[in-house]
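See below for the structure under consideration.
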Amino acid sequence: MTNLSRRELLLGSGLMLASSANPLQATDKWHERHSQPLPATESAQEWIHSVRILDAEGFNPPFFPNLDFDPAKAVRIATDLHAGALRYPVASYYAYFPTRTKYPVHPQLTGNPMLETLRLCRAAGLRTIAYVPVNHPFMDIRDPDPSYPEWQRRDMQGRPFITTHFGFSRYYEGCLNSPLRQEIVELVREVLRYDFDLVYFDGPYQGMDHREELCHCKWCQKAFFEATSCDIPAPDGPINEIIACKCWINDQVAGNLLQTLTDIVHETRGIPVFFNDTSMLSRGWCRSRSFPITDGFMFESAKTPEQKLFNLQLGRSTGKTIWAYVGYHSQYNGEHLMDKSIRGWYSYPLDSDDLLMDGAVAFSAGAGTVYWSLSRLYFSGDAPWTHLEAQRVRAVFDWEDRHSDLMRSASDAPQCGLLVSTQTIEWCGLPSYMAGAYPNGFHGVWRVMQEGCIAAEPFLDFALNCSQLDHYPLVYVANAICLSRAQCSMLADYVEMGGILVTTHMSGLLDEYGRPQEEYPLHNLLGVALEEGAPEEHPDLYLRLPGNRLIPQAPQIIRFRVLDKTDVLATTWDLPRQRDLGAAISRRKYGKGTVFYIGSSLESIYEETRIPAVRDTLLNLLDPYLRDTRRYRIPTDLGLFVQYRESSSALVLHLIANTGTKVKMLRVHEYYTAIENIPAAVKVGDGRRVESVHLLCANHAVKFSQSDGWVHFVIDRIRIHEVVLIRVA
């Protein structure tokens with residue numbers, strides 16, 4: 001794809017707009033004259049894959065509390081950053097254009113800064129993105145707006161739910177079944193009269209701080225009764241009624257609204273639609289399964305670079321286009337503050353390596369980048385380039401622009417699929433110390449495979465189907481407590497047809513909604529029977545492997561016995577009491593495939609301890625089935641994270657040196673040390689010839705040798721990021 005020059009974009013933009021005393025009339029005339037998309041050699045959809053977006057965030061300065069926004073200044077910063085697009089906040093706590101809806105307009109609004117921003121972006125050759133909140137909290141409790149009482153979510157006693165956000169105030173939570181729903185629809189219709197290139201929805205939300213609580217407002221009561229002939233259950237009501245109500249909110253209320261809004265955008269303008277899907281791994285977010293509706297989504301944040309890479313890999317497994325923030329996870333942690341919604345200085349630059357790491361992770365995962373946000377440079381006076389932040393963001397944008405073709409042309413080639421059970425996150429009724437630690441399982445096995453040079457891809461439980469499973473020679477189900485019968489049946493079919501399945505600990509103990517099961521359909525496949533339906537805990541447990549070799553075992557185990565034709569590979573040894581607690585790891589042939597069961601969350605232990613013997617035990621279990629399909633080899637224990645991708649003419653190895661200085665749970669600035677002299681090998685296969693091996697970040701070729709279907713080379717130095725491009729013929 002050829003990038004358009006600024007001159008080409010300029011010539012097709014229509015350029016100037018005569019001012020008008022009536023902003024709404026100006027909007028109508030401008031849309032009539034300039035309703036065509038930017039002239040481009042790329043399609044209306046293609047540009048979204050490698051975007052470079054400057055986010056003008058509306059929830060803080062220069063938009064809120066005071067409206068100090070200068071469109072010309074914002075566009076100048078965007079062009080100086082070498083951004084390809086600007087995201088404008090149509091609304092946040094206030095609307096930032098003269099809307100006819102009942103959405104509150106900022107009291108300091110004069111003219112139409114949104115219209116002026118669009119005009120200037122056109123002239124500068126920037127794509128434009130409309131940020132539209134869909135029931136994001138905005139109703140300030142100090143505001144006497146007469147519409148607010150009609151729009152509020154309420155508890156059983158009729159009290160409004162109140163939430164916090166960025167620390168400026170407290171806000172009523174809005175209800176998607178109230179008349180607010182139609183105001184949102186009309187707001188979107190108004191926005192589509194402007195010439196945006198994409199619409200980005202933040203939502204739909206049905207609550208924030210109180211998102212896990214059901215709304216009992218009159219609108220919800222009426223709508224739910226019409227849909228089900230039932231009343232909304234109490235918080236301690238029957239579990240089946242609570243499940244039915246939450247599913248109704250997810251599918252018929254939130255999901256239906258997002259589908260309606262997306263259809264309006266597609267039918268009215270034919271432009272792409274994105275939404276904020278950070279909720280995918282969170283409890284109580286009603287939009288977490290809405291990604292099939294839109295053209296792509298944002299996976300907003302993560303605490304660490306490795307979690308961010310994992311999240312983006314998970315997002316890519318959906319087949320949708322993914323974007324990621326650059327800069328967001330390095331916010332102030334505020335440990336000493338009483339009010340945790342007070343988050344610090346979003347209007348101050350971050351002069352550290354975090355931005356480069358964020359950009360490296362996003363590029364490695366094939367995600368578009370969104371710099372968060374304009375406010376970090378907006379108040380830097382006339383010389384924002386005195387801050388390293390601007391220089392590093394521009395470096396990230398330039399890198400992605402320069403290599404956008406490579407990012408789009410290469411595809412992932414996973415050996416292994418890692419099931420991520422959002423059902424367990426949402427519905428698991430086990431004690432919180434069990435359910436809350438569930439992500440340690442899939443994070444732990446992902447880390448094991450990263451360090452074992454296994455190309456693994458996390459994927460979602462509600463995307464589980466035969467087609468998805470067929471992508472992977474091996475599937476790992478790490479402590480997925482909540483599984484449906486249909487999902488267990490698909491896993492059985494996968495193994496019967498020749499797949500390799502590893503499942504651990506409490507997987508399948510509950511159904512997809514966290515309800516106890518009379519029998520465990522997954523365990524019929526595994527060939528095991530549980531001694532008890534709950535885990536037990538003991539100190540100083542060890543895995544006893546053949547030859548009486550002992551390695552640390554998880555202190556929390558499920559006791560089980562094996563059935564006919566199931567082999568015991570390891571037992572649990574209670575060291576203090578010198579007793580054997582029975583089977584710990586089993587293996588069974590099933591049809592053409594093989595299934596393993598580990599009666600503990602051994603992968604969680606590795607996430608929590610990094611004990612090499614635990615990692616090596618898991619790798620030794622997998623190695624016979626994955627050895628012949630490995631794509632690359634690098635040394636273990638260097639702190640490298642790897643993303644392997646390939647195209648018809650190239651093999652691409654992304655290497656991220658996660659060697660930062662900060663304590664990972666604290667949001668403080670981070671700096672990275674270099675790794676040097678890394679021997680590496682990539683599988684080329686028989687009959688293919690390596691033409692060159694080039695390091696893109698270092699920008700030089702390296703010497704290589706080719707033998708036995710592998711290409712061997714040494715990387716002299718990696719600081720944060722290196723991309724190895726291997727041209728093959």
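Note on naming: chains are A, B, ... as they come in the structure tokens, residues start from 1 per chain, ligands start from 1 in the order shown.
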
For this session: Identify, on the basis of only C-alpha atoms, every residue whose closest approach to Ser375 (chain A) does not exceed 9 Å; exclude the query and any residue fewer than 4 positions from it along the same chain; express the result as a VMD selection string.
Result: chain A and resid 55 to 57 60 to 62 346 to 349 379

I need the residues from that last selection saved to file as a compact mmCIF listing (two decimals), in the first residue's frame (with C-alpha atoms), if you can.
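The new file part.txt reads:
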# COMPACT_ATOMS: atom_id res chain seq x y z
CA ASP A 55 -6.40 10.94 21.24
CA ALA A 56 -7.93 14.25 22.33
CA GLU A 57 -9.35 12.96 25.62
CA ASN A 60 -9.73 16.10 31.39
CA PRO A 61 -7.99 19.31 30.28
CA PRO A 62 -8.17 21.05 27.85
CA TYR A 346 -2.78 13.40 32.91
CA SER A 347 -1.63 16.81 31.68
CA TYR A 348 2.08 16.13 32.27
CA PRO A 349 4.43 14.29 29.89
CA PHE A 379 0.24 22.39 28.24

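Near Gly533 (chain A), within 10 Å and counting only C-alpha atoms, sit Met506, Leu509, Pro516, Tyr520, Ala529, Leu530, Glu536, Ile558, Arg559 and Phe560 of chain A, not including residues fewer than 3 positions from it in the same chain.
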
For this session: Write out as a PyMOL selection string the residues lying within 6 Å of region 198-208 of chain A, counting only C-alpha atoms and excluding same-chain residues fewer than 2 positions away.
Result: chain A and resi 129-136+173+196+210-211+254+271-276

Spatial neighbours of Ala729 (chain A), max dist 7 Å, only C-alpha atoms, sep filter under 3 positions, as a compact mmCIF listing (two decimals) with N, CA and C atoms, in the first residue's frame:
# COMPACT_ATOMS: atom_id res chain seq x y z
N SER A 649 6.66 -14.84 1.75
CA SER A 649 8.05 -14.59 1.37
C SER A 649 8.94 -14.17 2.53
N ARG A 688 13.38 -24.48 1.16
CA ARG A 688 13.33 -23.02 1.11
C ARG A 688 14.72 -22.46 1.38
N ARG A 689 15.06 -21.43 0.67
CA ARG A 689 16.38 -20.83 0.78
C ARG A 689 16.28 -19.44 1.41
N VAL A 690 17.14 -19.18 2.38
CA VAL A 690 17.17 -17.88 3.04
C VAL A 690 17.98 -16.92 2.19
N GLU A 691 17.37 -15.79 1.85
CA GLU A 691 18.05 -14.78 1.06
C GLU A 691 18.77 -13.75 1.92

Exercise. Got a sec to tell me which of region 172-242 of chain A DSSP assigns to strand (DSSP E or B), as a PyMOL selection string?
Worked result: chain A and resi 172+174+198-202

Keeping only N, CA and C atoms, write the selected residues as a PDB file, in the first residue's frame.
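Result saved to result_29.pdb:
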ATOM      1  N   TYR A 172     -24.229  10.234  38.518  1.00  0.00           N
ATOM      2  CA  TYR A 172     -25.263   9.212  38.481  1.00  0.00           C
ATOM      3  C   TYR A 172     -24.985   8.244  37.327  1.00  0.00           C
ATOM      4  N   GLY A 174     -26.272   6.027  34.363  1.00  0.00           N
ATOM      5  CA  GLY A 174     -27.440   6.062  33.489  1.00  0.00           C
ATOM      6  C   GLY A 174     -27.927   4.664  33.136  1.00  0.00           C
ATOM      7  N   LEU A 198     -14.372   7.608  10.969  1.00  0.00           N
ATOM      8  CA  LEU A 198     -14.642   6.426  11.789  1.00  0.00           C
ATOM      9  C   LEU A 198     -15.366   6.876  13.043  1.00  0.00           C
ATOM     10  N   VAL A 199     -16.233   6.019  13.566  1.00  0.00           N
ATOM     11  CA  VAL A 199     -16.910   6.286  14.834  1.00  0.00           C
ATOM     12  C   VAL A 199     -16.414   5.280  15.866  1.00  0.00           C
ATOM     13  N   TYR A 200     -15.989   5.805  17.019  1.00  0.00           N
ATOM     14  CA  TYR A 200     -15.484   4.982  18.114  1.00  0.00           C
ATOM     15  C   TYR A 200     -16.424   5.134  19.299  1.00  0.00           C
ATOM     16  N   PHE A 201     -17.072   4.040  19.703  1.00  0.00           N
ATOM     17  CA  PHE A 201     -18.003   4.058  20.823  1.00  0.00           C
ATOM     18  C   PHE A 201     -17.289   3.637  22.102  1.00  0.00           C
ATOM     19  N   ASP A 202     -17.413   4.447  23.137  1.00  0.00           N
ATOM     20  CA  ASP A 202     -16.960   4.051  24.468  1.00  0.00           C
ATOM     21  C   ASP A 202     -18.181   3.530  25.207  1.00  0.00           C
TER      22      ASP A 202
END

Shell around Glu670 (chain A) at 8 Å using only C-alpha atoms, local window under 4 positions removed, as a JSON list (two decimals) with C-alpha atoms, in the first residue's frame:
[["chain", "number", "residue", "atom", "x", "y", "z"],
["A", 352, "SER", "CA", 10.55, 7.41, 30.27],
["A", 353, "ASP", "CA", 10.95, 4.27, 28.18],
["A", 354, "ASP", "CA", 7.38, 3.12, 28.80],
["A", 660, "GLY", "CA", 12.58, -2.98, 33.00],
["A", 661, "THR", "CA", 13.53, -1.51, 36.33],
["A", 662, "LYS", "CA", 10.21, -0.99, 38.06]]

Exercise. Got a sec: who's within 7 Å of region 583-593 of chain A, counting only C-alpha atoms, leaving out chain neighbours fewer than 4 positions off, as a VMD selection string?
Worked result: chain A and resid 495 to 500 526 to 527 560 to 561 565 to 572 597 to 599

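Distances to Ile634 (chain A) were evaluated for A:Leu621, A:Val502, A:Leu581, A:Leu655 using only C-alpha atoms, and the minimum falls at A:Leu655.
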
Tell me, as an mmCIF file with C-alpha atoms, in the first residue's frame, which residues lie within 6 Å of Leu126 (chain A), counting only C-alpha atoms; anything in the same chain fewer than 3 positions away does not count.
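selection_22.cif, freshly written:
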data_model
loop_
_atom_site.group_PDB
_atom_site.id
_atom_site.type_symbol
_atom_site.label_atom_id
_atom_site.label_comp_id
_atom_site.auth_asym_id
_atom_site.auth_seq_id
_atom_site.Cartn_x
_atom_site.Cartn_y
_atom_site.Cartn_z
ATOM 1 C CA GLY A 84 -2.248 9.767 10.937
ATOM 2 C CA ALA A 85 -5.524 10.556 12.693
ATOM 3 C CA CYS A 121 -7.642 17.905 9.995
ATOM 4 C CA ARG A 122 -8.777 17.729 6.386
#

Seminar exercise, completed: Restricting to only C-alpha atoms, whichever of A:Ile726, A:Leu501, A:Leu430, A:Ala324 is closest to Tyr644 (chain A) is A:Ile726
